[in-house]
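Asks: So here's query_28.txt (compact mmCIF, N, CA and C atoms).
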# COMPACT_ATOMS: atom_id res chain seq x y z
N MET A 38 0.81 -1.19 0.00
CA MET A 38 0.00 0.00 0.00
C MET A 38 0.86 1.26 0.00
N ARG A 39 1.89 1.23 0.82
CA ARG A 39 2.79 2.37 0.90
C ARG A 39 3.50 2.59 -0.44
N HIS A 40 3.87 1.51 -1.09
CA HIS A 40 4.55 1.59 -2.38
C HIS A 40 3.61 2.21 -3.44
N LEU A 41 2.30 1.85 -3.39
CA LEU A 41 1.33 2.38 -4.32
C LEU A 41 1.11 3.87 -4.10
N LEU A 42 1.05 4.34 -2.89
CA LEU A 42 0.93 5.76 -2.60
C LEU A 42 2.16 6.53 -3.07
N HIS A 43 3.31 5.91 -2.92
CA HIS A 43 4.54 6.55 -3.40
C HIS A 43 4.50 6.74 -4.92
N LEU A 44 3.99 5.74 -5.64
CA LEU A 44 3.89 5.85 -7.11
C LEU A 44 2.88 6.90 -7.53
N LEU A 45 1.79 7.03 -6.81
CA LEU A 45 0.77 8.02 -7.16
C LEU A 45 1.26 9.45 -6.93
N ARG A 46 2.14 9.65 -5.98
CA ARG A 46 2.66 10.99 -5.69
C ARG A 46 3.87 11.35 -6.52
N ASP A 47 4.45 10.38 -7.16
CA ASP A 47 5.66 10.62 -7.97
C ASP A 47 5.29 11.39 -9.24
N ARG A 48 5.95 12.52 -9.47
CA ARG A 48 5.65 13.39 -10.60
C ARG A 48 6.68 13.24 -11.73
N ARG A 49 7.61 12.39 -11.60
CA ARG A 49 8.60 12.21 -12.66
C ARG A 49 7.92 11.58 -13.88
N GLY A 50 8.24 12.09 -15.05
CA GLY A 50 7.69 11.55 -16.29
C GLY A 50 6.42 12.24 -16.76
N THR A 51 5.90 13.19 -15.99
CA THR A 51 4.68 13.86 -16.43
C THR A 51 4.92 14.69 -17.68
N ALA A 52 6.10 15.27 -17.82
CA ALA A 52 6.41 16.04 -19.03
C ALA A 52 6.41 15.15 -20.27
N ALA A 53 6.90 13.95 -20.13
CA ALA A 53 6.92 13.02 -21.27
C ALA A 53 5.50 12.62 -21.66
N VAL A 54 4.64 12.41 -20.69
CA VAL A 54 3.26 12.05 -20.99
C VAL A 54 2.53 13.23 -21.64
N GLU A 55 2.74 14.44 -21.12
CA GLU A 55 2.12 15.62 -21.72
C GLU A 55 2.62 15.83 -23.14
N PHE A 56 3.91 15.62 -23.34
CA PHE A 56 4.47 15.74 -24.69
C PHE A 56 3.85 14.72 -25.63
N ALA A 57 3.60 13.51 -25.16
CA ALA A 57 2.99 12.48 -25.99
C ALA A 57 1.58 12.88 -26.42
N PHE A 58 0.89 13.65 -25.59
CA PHE A 58 -0.44 14.12 -25.97
C PHE A 58 -0.38 15.31 -26.93
N VAL A 59 0.55 16.21 -26.72
CA VAL A 59 0.60 17.46 -27.47
C VAL A 59 1.37 17.34 -28.79
N ALA A 60 2.38 16.49 -28.85
CA ALA A 60 3.26 16.41 -30.02
C ALA A 60 2.52 16.09 -31.33
N PRO A 61 1.61 15.13 -31.36
CA PRO A 61 0.93 14.87 -32.63
C PRO A 61 0.11 16.06 -33.13
N ILE A 62 -0.52 16.78 -32.21
CA ILE A 62 -1.30 17.95 -32.61
C ILE A 62 -0.38 19.04 -33.14
N MET A 63 0.73 19.27 -32.48
CA MET A 63 1.68 20.29 -32.94
C MET A 63 2.29 19.91 -34.28
N MET A 64 2.59 18.64 -34.49
CA MET A 64 3.14 18.20 -35.78
C MET A 64 2.11 18.38 -36.90
N ALA A 65 0.84 18.11 -36.60
CA ALA A 65 -0.21 18.30 -37.61
C ALA A 65 -0.31 19.77 -38.00
N PHE A 66 -0.23 20.69 -37.02
CA PHE A 66 -0.25 22.11 -37.33
C PHE A 66 0.98 22.51 -38.14
N LEU A 67 2.13 22.00 -37.79
CA LEU A 67 3.35 22.32 -38.52
C LEU A 67 3.28 21.84 -39.96
N ILE A 68 2.85 20.61 -40.16
CA ILE A 68 2.73 20.07 -41.52
C ILE A 68 1.67 20.85 -42.30
N GLY A 69 0.59 21.22 -41.66
CA GLY A 69 -0.44 22.02 -42.32
C GLY A 69 0.07 23.37 -42.76
N MET A 70 0.89 24.01 -41.94
CA MET A 70 1.45 25.31 -42.31
C MET A 70 2.39 25.19 -43.50
N VAL A 71 3.20 24.14 -43.52
CA VAL A 71 4.12 23.92 -44.64
C VAL A 71 3.33 23.67 -45.92
N GLU A 72 2.28 22.85 -45.83
CA GLU A 72 1.46 22.56 -47.02
C GLU A 72 0.76 23.82 -47.52
N MET A 73 0.25 24.64 -46.63
CA MET A 73 -0.39 25.89 -47.05
C MET A 73 0.62 26.83 -47.71
N GLY A 74 1.84 26.86 -47.18
CA GLY A 74 2.88 27.66 -47.81
C GLY A 74 3.19 27.19 -49.22
N ARG A 75 3.27 25.87 -49.40
CA ARG A 75 3.51 25.32 -50.74
C ARG A 75 2.35 25.65 -51.67
N LEU A 76 1.13 25.56 -51.14
CA LEU A 76 -0.05 25.84 -51.95
C LEU A 76 -0.05 27.29 -52.43
N PHE A 77 0.26 28.22 -51.54
CA PHE A 77 0.33 29.63 -51.92
C PHE A 77 1.47 29.89 -52.92
N LEU A 78 2.59 29.21 -52.74
CA LEU A 78 3.70 29.36 -53.67
C LEU A 78 3.30 28.91 -55.07
N ILE A 79 2.66 27.75 -55.18
CA ILE A 79 2.21 27.23 -56.47
C ILE A 79 1.16 28.15 -57.08
N HIS A 80 0.22 28.61 -56.26
CA HIS A 80 -0.83 29.51 -56.75
C HIS A 80 -0.22 30.80 -57.31
N ASN A 81 0.70 31.39 -56.59
CA ASN A 81 1.33 32.62 -57.06
C ASN A 81 2.17 32.40 -58.31
N ALA A 82 2.86 31.28 -58.39
CA ALA A 82 3.66 30.97 -59.59
C ALA A 82 2.76 30.80 -60.80
N MET A 83 1.63 30.13 -60.62
CA MET A 83 0.70 29.95 -61.73
C MET A 83 0.10 31.29 -62.17
N THR A 84 -0.27 32.12 -61.21
CA THR A 84 -0.83 33.43 -61.53
C THR A 84 0.18 34.28 -62.29
N PHE A 85 1.41 34.30 -61.82
CA PHE A 85 2.46 35.06 -62.50
C PHE A 85 2.66 34.55 -63.91
N ALA A 86 2.68 33.23 -64.09
CA ALA A 86 2.94 32.65 -65.41
C ALA A 86 1.84 33.01 -66.40
N VAL A 87 0.58 32.88 -66.02
CA VAL A 87 -0.49 33.19 -66.97
C VAL A 87 -0.56 34.69 -67.24
N ASP A 88 -0.35 35.52 -66.22
CA ASP A 88 -0.40 36.97 -66.44
C ASP A 88 0.72 37.44 -67.36
N GLU A 89 1.93 36.98 -67.12
CA GLU A 89 3.05 37.41 -67.96
C GLU A 89 2.95 36.85 -69.37
N THR A 90 2.45 35.63 -69.51
CA THR A 90 2.28 35.07 -70.85
C THR A 90 1.21 35.83 -71.62
N ALA A 91 0.12 36.17 -70.97
CA ALA A 91 -0.93 36.95 -71.62
C ALA A 91 -0.43 38.35 -71.98
N ARG A 92 0.33 38.96 -71.10
CA ARG A 92 0.89 40.27 -71.39
C ARG A 92 1.84 40.21 -72.59
N THR A 93 2.66 39.17 -72.65
CA THR A 93 3.58 39.01 -73.77
C THR A 93 2.81 38.80 -75.07
N ALA A 94 1.72 38.05 -75.02
CA ALA A 94 0.90 37.84 -76.22
C ALA A 94 0.30 39.14 -76.71
N MET A 95 -0.01 40.04 -75.78
CA MET A 95 -0.60 41.31 -76.17
C MET A 95 0.45 42.25 -76.76
N VAL A 96 1.66 42.21 -76.22
CA VAL A 96 2.70 43.16 -76.63
C VAL A 96 3.40 42.73 -77.92
N ARG A 97 3.72 41.45 -78.02
CA ARG A 97 4.45 40.94 -79.19
C ARG A 97 3.47 40.38 -80.21
N LYS A 98 3.37 41.03 -81.34
CA LYS A 98 2.38 40.63 -82.34
C LYS A 98 2.77 39.36 -83.09
N THR A 99 4.05 39.07 -83.19
CA THR A 99 4.49 37.96 -84.04
C THR A 99 4.75 36.66 -83.27
N ILE A 100 4.41 36.60 -82.02
CA ILE A 100 4.69 35.40 -81.24
C ILE A 100 3.66 34.31 -81.57
N THR A 101 4.11 33.06 -81.60
CA THR A 101 3.24 31.94 -81.96
C THR A 101 2.72 31.22 -80.71
N LYS A 102 1.72 30.36 -80.90
CA LYS A 102 1.15 29.60 -79.78
C LYS A 102 2.18 28.68 -79.12
N PRO A 103 2.98 27.91 -79.87
CA PRO A 103 4.00 27.09 -79.19
C PRO A 103 5.00 27.92 -78.40
N GLU A 104 5.35 29.08 -78.93
CA GLU A 104 6.26 29.95 -78.18
C GLU A 104 5.62 30.44 -76.89
N LEU A 105 4.32 30.76 -76.94
CA LEU A 105 3.63 31.20 -75.73
C LEU A 105 3.52 30.08 -74.70
N GLU A 106 3.29 28.84 -75.15
CA GLU A 106 3.22 27.72 -74.22
C GLU A 106 4.57 27.47 -73.56
N THR A 107 5.63 27.54 -74.35
CA THR A 107 6.97 27.39 -73.78
C THR A 107 7.28 28.52 -72.82
N LEU A 108 6.87 29.72 -73.17
CA LEU A 108 7.10 30.89 -72.32
C LEU A 108 6.36 30.74 -70.99
N ALA A 109 5.13 30.25 -71.04
CA ALA A 109 4.35 30.08 -69.80
C ALA A 109 5.03 29.07 -68.88
N LYS A 110 5.53 27.98 -69.45
CA LYS A 110 6.23 26.99 -68.61
C LYS A 110 7.53 27.55 -68.06
N SER A 111 8.19 28.41 -68.81
CA SER A 111 9.45 28.98 -68.32
C SER A 111 9.18 30.01 -67.21
N PHE A 112 8.04 30.67 -67.23
CA PHE A 112 7.70 31.61 -66.16
C PHE A 112 7.37 30.88 -64.86
N ALA A 113 6.83 29.69 -64.96
CA ALA A 113 6.43 28.92 -63.77
C ALA A 113 7.56 27.99 -63.36
N THR A 114 8.62 28.55 -62.82
CA THR A 114 9.82 27.77 -62.52
C THR A 114 9.65 26.80 -61.36
N VAL A 115 8.74 27.08 -60.42
CA VAL A 115 8.60 26.19 -59.26
C VAL A 115 7.66 25.02 -59.53
N LEU A 116 7.02 25.01 -60.68
CA LEU A 116 6.09 23.93 -61.01
C LEU A 116 6.82 22.75 -61.62
N ASP A 117 6.35 21.57 -61.32
CA ASP A 117 6.88 20.35 -61.93
C ASP A 117 6.39 20.29 -63.37
N PRO A 118 7.29 20.32 -64.35
CA PRO A 118 6.85 20.36 -65.75
C PRO A 118 6.01 19.15 -66.16
N GLU A 119 6.21 18.01 -65.53
CA GLU A 119 5.44 16.83 -65.90
C GLU A 119 3.99 16.88 -65.41
N ARG A 120 3.72 17.70 -64.42
CA ARG A 120 2.36 17.84 -63.90
C ARG A 120 1.71 19.14 -64.34
N THR A 121 2.35 19.87 -65.26
CA THR A 121 1.86 21.16 -65.72
C THR A 121 1.34 21.04 -67.14
N ASN A 122 0.14 21.53 -67.36
CA ASN A 122 -0.45 21.53 -68.69
C ASN A 122 -0.82 22.97 -69.04
N VAL A 123 -0.21 23.49 -70.10
CA VAL A 123 -0.45 24.86 -70.53
C VAL A 123 -1.28 24.83 -71.80
N THR A 124 -2.33 25.64 -71.83
CA THR A 124 -3.17 25.75 -73.01
C THR A 124 -3.25 27.21 -73.42
N VAL A 125 -2.97 27.47 -74.70
CA VAL A 125 -3.06 28.82 -75.25
C VAL A 125 -3.98 28.76 -76.46
N THR A 126 -4.99 29.62 -76.46
CA THR A 126 -5.87 29.72 -77.63
C THR A 126 -5.86 31.17 -78.11
N VAL A 127 -5.75 31.32 -79.41
CA VAL A 127 -5.77 32.64 -80.03
C VAL A 127 -6.90 32.64 -81.04
N THR A 128 -7.85 33.55 -80.87
CA THR A 128 -9.01 33.62 -81.76
C THR A 128 -9.19 35.05 -82.26
N PRO A 129 -9.66 35.20 -83.50
CA PRO A 129 -9.94 36.55 -84.00
C PRO A 129 -11.09 37.18 -83.20
N TYR A 130 -10.99 38.47 -82.99
CA TYR A 130 -12.01 39.19 -82.23
C TYR A 130 -12.12 40.59 -82.78
N ASP A 131 -13.29 40.95 -83.31
CA ASP A 131 -13.53 42.26 -83.93
C ASP A 131 -12.36 42.61 -84.86
N ASP A 132 -11.62 43.63 -84.50
CA ASP A 132 -10.48 44.04 -85.34
C ASP A 132 -9.15 43.70 -84.67
N GLY A 133 -9.13 42.62 -83.91
CA GLY A 133 -7.90 42.23 -83.23
C GLY A 133 -7.91 40.74 -82.91
N TRP A 134 -7.25 40.40 -81.80
CA TRP A 134 -7.10 39.00 -81.40
C TRP A 134 -7.39 38.87 -79.92
N ARG A 135 -8.02 37.76 -79.56
CA ARG A 135 -8.24 37.44 -78.15
C ARG A 135 -7.38 36.22 -77.82
N THR A 136 -6.58 36.35 -76.78
CA THR A 136 -5.70 35.26 -76.36
C THR A 136 -6.10 34.80 -74.97
N ASN A 137 -6.34 33.50 -74.84
CA ASN A 137 -6.64 32.87 -73.54
C ASN A 137 -5.46 31.99 -73.16
N VAL A 138 -4.98 32.16 -71.94
CA VAL A 138 -3.89 31.34 -71.42
C VAL A 138 -4.40 30.66 -70.15
N SER A 139 -4.22 29.34 -70.08
CA SER A 139 -4.61 28.64 -68.86
C SER A 139 -3.53 27.62 -68.50
N ILE A 140 -3.34 27.46 -67.20
CA ILE A 140 -2.39 26.48 -66.68
C ILE A 140 -3.14 25.57 -65.72
N HIS A 141 -3.02 24.28 -65.95
CA HIS A 141 -3.56 23.26 -65.04
C HIS A 141 -2.37 22.59 -64.37
N TYR A 142 -2.48 22.41 -63.06
CA TYR A 142 -1.39 21.79 -62.31
C TYR A 142 -1.97 20.79 -61.33
N GLU A 143 -1.37 19.63 -61.25
CA GLU A 143 -1.78 18.61 -60.30
C GLU A 143 -0.92 18.76 -59.04
N PHE A 144 -1.54 19.28 -57.99
CA PHE A 144 -0.84 19.56 -56.73
C PHE A 144 -0.89 18.32 -55.84
N HIS A 145 0.28 17.82 -55.47
CA HIS A 145 0.38 16.66 -54.59
C HIS A 145 0.79 17.12 -53.19
N LEU A 146 0.05 16.66 -52.20
CA LEU A 146 0.42 16.95 -50.82
C LEU A 146 1.65 16.13 -50.44
N MET A 147 2.47 16.68 -49.55
CA MET A 147 3.65 15.95 -49.10
C MET A 147 3.26 14.76 -48.24
N VAL A 148 2.26 14.95 -47.42
CA VAL A 148 1.80 13.89 -46.52
C VAL A 148 0.38 13.54 -46.92
N THR A 149 0.16 12.30 -47.28
CA THR A 149 -1.19 11.89 -47.68
C THR A 149 -1.83 11.10 -46.55
N PHE A 150 -2.82 11.70 -45.94
CA PHE A 150 -3.60 11.03 -44.91
C PHE A 150 -5.03 11.55 -45.00
N LEU A 151 -5.92 10.86 -44.41
CA LEU A 151 -7.34 11.19 -44.45
C LEU A 151 -7.89 11.20 -45.88
N GLY A 152 -7.25 10.44 -46.76
CA GLY A 152 -7.73 10.35 -48.13
C GLY A 152 -7.35 11.52 -49.02
N LEU A 153 -6.59 12.46 -48.50
CA LEU A 153 -6.17 13.61 -49.30
C LEU A 153 -4.85 13.28 -49.98
N GLY A 154 -4.82 13.34 -51.28
CA GLY A 154 -3.59 13.01 -51.99
C GLY A 154 -3.17 14.09 -52.95
N ALA A 155 -4.01 14.34 -53.95
CA ALA A 155 -3.69 15.33 -54.97
C ALA A 155 -4.98 15.99 -55.43
N PHE A 156 -4.84 17.21 -55.91
CA PHE A 156 -5.99 17.88 -56.51
C PHE A 156 -5.49 18.83 -57.59
N ASP A 157 -6.39 19.16 -58.51
CA ASP A 157 -6.03 20.01 -59.65
C ASP A 157 -6.21 21.47 -59.30
N MET A 158 -5.29 22.27 -59.81
CA MET A 158 -5.36 23.71 -59.68
C MET A 158 -5.37 24.29 -61.08
N GLU A 159 -6.05 25.41 -61.26
CA GLU A 159 -6.10 26.05 -62.57
C GLU A 159 -6.08 27.56 -62.42
N ARG A 160 -5.36 28.21 -63.30
CA ARG A 160 -5.33 29.67 -63.38
C ARG A 160 -5.52 30.05 -64.83
N ARG A 161 -6.25 31.14 -65.08
CA ARG A 161 -6.53 31.60 -66.43
C ARG A 161 -6.30 33.09 -66.55
N ALA A 162 -5.96 33.48 -67.78
CA ALA A 162 -5.86 34.90 -68.09
C ALA A 162 -6.33 35.10 -69.53
N GLN A 163 -6.92 36.25 -69.78
CA GLN A 163 -7.41 36.54 -71.12
C GLN A 163 -7.05 37.99 -71.46
N VAL A 164 -6.55 38.17 -72.67
CA VAL A 164 -6.26 39.53 -73.15
C VAL A 164 -6.83 39.66 -74.56
N THR A 165 -7.17 40.91 -74.89
CA THR A 165 -7.67 41.21 -76.22
C THR A 165 -6.77 42.32 -76.79
N ARG A 166 -6.21 42.04 -77.96
CA ARG A 166 -5.35 43.03 -78.63
C ARG A 166 -6.07 43.53 -79.87
N ARG A 167 -6.19 44.82 -79.95
CA ARG A 167 -6.81 45.43 -81.13
C ARG A 167 -5.69 45.93 -82.04
N ASP A 168 -5.82 45.61 -83.31
CA ASP A 168 -4.79 46.04 -84.26
C ASP A 168 -4.96 47.48 -84.69
N SER A 169 -6.15 48.03 -84.50
CA SER A 169 -6.36 49.45 -84.85
C SER A 169 -7.23 50.08 -83.77
N PHE A 170 -7.11 51.39 -83.67
CA PHE A 170 -7.90 52.11 -82.66
C PHE A 170 -8.93 52.98 -83.31
What does the file become when written as structure tokens?

Replies:
Amino acid sequence: MRHLLHLLRDRRGTAAVEFAFVAPIMMAFLIGMVEMGRLFLIHNAMTFAVDETARTAMVRKTITKPELETLAKSFATVLDPERTNVTVTVTPYDDGWRTNVSIHYEFHLMVTFLGLGAFDMERRAQVTRRDSF
């Protein structure tokens, strides 16, 4: 009985037990913050790539669709080229041209749990260039 009371009053190891309860929650928050940072990085890279490609299509009259697709991929340096799909369409519009640029990217999470693995992201930009005013 005396030995049992001694064990109940002993406070050694309480920090380890508390850490065992708190550590998984803290790690989940840390991993979540890293994933959100990656998501924002990819989103911003895609936005920059479509905006700059659309701007280039508006400024340079002689640029071709394959050149614009290559340019869009070169602007998105942080994206994995194998998971990046760039689409450029150029159509006549009134007295000019309308250019649509879109990038599709398959975003993979670093840690896959709870059934979350990958999802598609898309960014689009559209510009209209008039040849006469």

Asks: DSSP on the backbone, then: every residue of chain A marked strand (DSSP E), written as a CSV table (one decimal) with N, CA and C atoms, in the coordinates of the input.

Replies:
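Full text of part.csv as output:
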chain,number,residue,atom,x,y,z
A,121,THR,N,2.4,19.9,-65.3
A,121,THR,CA,1.9,21.2,-65.7
A,121,THR,C,1.3,21.0,-67.1
A,122,ASN,N,0.1,21.5,-67.4
A,122,ASN,CA,-0.4,21.5,-68.7
A,122,ASN,C,-0.8,23.0,-69.0
A,123,VAL,N,-0.2,23.5,-70.1
A,123,VAL,CA,-0.4,24.9,-70.5
A,123,VAL,C,-1.3,24.8,-71.8
A,124,THR,N,-2.3,25.6,-71.8
A,124,THR,CA,-3.2,25.8,-73.0
A,124,THR,C,-3.2,27.2,-73.4
A,125,VAL,N,-3.0,27.5,-74.7
A,125,VAL,CA,-3.1,28.8,-75.2
A,125,VAL,C,-4.0,28.8,-76.5
A,126,THR,N,-5.0,29.6,-76.5
A,126,THR,CA,-5.9,29.7,-77.6
A,126,THR,C,-5.9,31.2,-78.1
A,127,VAL,N,-5.8,31.3,-79.4
A,127,VAL,CA,-5.8,32.6,-80.0
A,127,VAL,C,-6.9,32.6,-81.0
A,128,THR,N,-7.8,33.6,-80.9
A,128,THR,CA,-9.0,33.6,-81.8
A,128,THR,C,-9.2,35.0,-82.3
A,129,PRO,N,-9.7,35.2,-83.5
A,129,PRO,CA,-9.9,36.6,-84.0
A,129,PRO,C,-11.1,37.2,-83.2
A,130,TYR,N,-11.0,38.5,-83.0
A,130,TYR,CA,-12.0,39.2,-82.2
A,130,TYR,C,-12.1,40.6,-82.8
A,133,GLY,N,-9.1,42.6,-83.9
A,133,GLY,CA,-7.9,42.2,-83.2
A,133,GLY,C,-7.9,40.7,-82.9
A,134,TRP,N,-7.2,40.4,-81.8
A,134,TRP,CA,-7.1,39.0,-81.4
A,134,TRP,C,-7.4,38.9,-79.9
A,135,ARG,N,-8.0,37.8,-79.6
A,135,ARG,CA,-8.2,37.4,-78.2
A,135,ARG,C,-7.4,36.2,-77.8
A,136,THR,N,-6.6,36.4,-76.8
A,136,THR,CA,-5.7,35.3,-76.4
A,136,THR,C,-6.1,34.8,-75.0
A,137,ASN,N,-6.3,33.5,-74.8
A,137,ASN,CA,-6.6,32.9,-73.5
A,137,ASN,C,-5.5,32.0,-73.2
A,138,VAL,N,-5.0,32.2,-71.9
A,138,VAL,CA,-3.9,31.3,-71.4
A,138,VAL,C,-4.4,30.7,-70.2
A,139,SER,N,-4.2,29.3,-70.1
A,139,SER,CA,-4.6,28.6,-68.9
A,139,SER,C,-3.5,27.6,-68.5
A,140,ILE,N,-3.3,27.5,-67.2
A,140,ILE,CA,-2.4,26.5,-66.7
A,140,ILE,C,-3.1,25.6,-65.7
A,141,HIS,N,-3.0,24.3,-66.0
A,141,HIS,CA,-3.6,23.3,-65.0
A,141,HIS,C,-2.4,22.6,-64.4
A,142,TYR,N,-2.5,22.4,-63.1
A,142,TYR,CA,-1.4,21.8,-62.3
A,142,TYR,C,-2.0,20.8,-61.3
A,143,GLU,N,-1.4,19.6,-61.2
A,143,GLU,CA,-1.8,18.6,-60.3
A,143,GLU,C,-0.9,18.8,-59.0
A,144,PHE,N,-1.5,19.3,-58.0
A,144,PHE,CA,-0.8,19.6,-56.7
A,144,PHE,C,-0.9,18.3,-55.8
A,145,HIS,N,0.3,17.8,-55.5
A,145,HIS,CA,0.4,16.7,-54.6
A,145,HIS,C,0.8,17.1,-53.2
A,155,ALA,N,-4.0,14.3,-54.0
A,155,ALA,CA,-3.7,15.3,-55.0
A,155,ALA,C,-5.0,16.0,-55.4
A,156,PHE,N,-4.8,17.2,-55.9
A,156,PHE,CA,-6.0,17.9,-56.5
A,156,PHE,C,-5.5,18.8,-57.6
A,157,ASP,N,-6.4,19.2,-58.5
A,157,ASP,CA,-6.0,20.0,-59.6
A,157,ASP,C,-6.2,21.5,-59.3
A,158,MET,N,-5.3,22.3,-59.8
A,158,MET,CA,-5.4,23.7,-59.7
A,158,MET,C,-5.4,24.3,-61.1
A,159,GLU,N,-6.0,25.4,-61.3
A,159,GLU,CA,-6.1,26.0,-62.6
A,159,GLU,C,-6.1,27.6,-62.4
A,160,ARG,N,-5.4,28.2,-63.3
A,160,ARG,CA,-5.3,29.7,-63.4
A,160,ARG,C,-5.5,30.0,-64.8
A,161,ARG,N,-6.2,31.1,-65.1
A,161,ARG,CA,-6.5,31.6,-66.4
A,161,ARG,C,-6.3,33.1,-66.6
A,162,ALA,N,-6.0,33.5,-67.8
A,162,ALA,CA,-5.9,34.9,-68.1
A,162,ALA,C,-6.3,35.1,-69.5
A,163,GLN,N,-6.9,36.2,-69.8
A,163,GLN,CA,-7.4,36.5,-71.1
A,163,GLN,C,-7.0,38.0,-71.5
A,164,VAL,N,-6.6,38.2,-72.7
A,164,VAL,CA,-6.3,39.5,-73.2
A,164,VAL,C,-6.8,39.7,-74.6
A,165,THR,N,-7.2,40.9,-74.9
A,165,THR,CA,-7.7,41.2,-76.2
A,165,THR,C,-6.8,42.3,-76.8
A,166,ARG,N,-6.2,42.0,-78.0
A,166,ARG,CA,-5.4,43.0,-78.6
A,166,ARG,C,-6.1,43.5,-79.9
A,167,ARG,N,-6.2,44.8,-80.0
A,167,ARG,CA,-6.8,45.4,-81.1
A,167,ARG,C,-5.7,45.9,-82.0

Asks: Skipping near chain neighbours, those fewer than 5 positions away, what residues fall within 6 Å of range 80-93 of chain A using only C-alpha atoms, listed as an NGL selection string?

Replies: :A and (109 or 112-113 or 138 or 162)

Asks: Just the number, please: distance in Å from CA of His145 in chain A to CA of Glu159 in chain A, one decimal.

Replies: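 If I compute the distance from CA of His145 in chain A to CA of Glu159 in chain A, I get 13.9 Å.
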
Asks: Identify the residues within 8 Å of coordinate (-1.8, 26.8, -72.8) (same frame as the file), considering all atoms listed in the file, and give the answer as a list in words.

Replies: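 Residues found, by chain and rising number: Lys102, Leu105, Glu106, Thr107, Ala109, Asn122, Val123, Thr124, Val125, Thr126, Asn137, Val138, Ser139, Ile140 and His141 of chain A.
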
Asks: So the first atom is atom C of Arg135 in chain A and the second is atom C of Arg120 in chain A; what is the distance between them in Å, to one decimal place?

Replies: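 Atom C of Arg120 in chain A lies 23.6 Å from atom C of Arg135 in chain A.
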
Asks: Do you know which residues are at most 7 Å from Arg166 in chain A counting all atoms listed in the file, after dropping those on the same chain fewer than 6 positions away, and could you put them as a compact mmCIF listing (two decimals) with N, CA and C atoms, in the coordinates of the input?

Replies:
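Produced file selection-v5.txt, reproduced below:
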# COMPACT_ATOMS: atom_id res chain seq x y z
N MET A 95 -0.01 40.04 -75.78
CA MET A 95 -0.60 41.31 -76.17
C MET A 95 0.45 42.25 -76.76
N ASP A 132 -11.62 43.63 -84.50
CA ASP A 132 -10.48 44.04 -85.34
C ASP A 132 -9.15 43.70 -84.67
N GLY A 133 -9.13 42.62 -83.91
CA GLY A 133 -7.90 42.23 -83.23
C GLY A 133 -7.91 40.74 -82.91
N TRP A 134 -7.25 40.40 -81.80
CA TRP A 134 -7.10 39.00 -81.40
C TRP A 134 -7.39 38.87 -79.92
N ARG A 135 -8.02 37.76 -79.56
CA ARG A 135 -8.24 37.44 -78.15
C ARG A 135 -7.38 36.22 -77.82
N THR A 136 -6.58 36.35 -76.78
CA THR A 136 -5.70 35.26 -76.36
C THR A 136 -6.10 34.80 -74.97

Asks: Rounded to one decimal in Å, what is the spacing between CA of Ile68 in chain A and CA of Gly154 in chain A?

Replies: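 CA of Gly154 in chain A lies 14.1 Å from CA of Ile68 in chain A.
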
Asks: For Ala155 in chain A, which residue out of A:Glu143, A:Arg48, A:His43, A:Met73 is the nearest one, using all atoms listed in the file?

Replies: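 Among A:Glu143, A:Arg48, A:His43, A:Met73, it is A:Glu143 that comes nearest to Ala155 in chain A.
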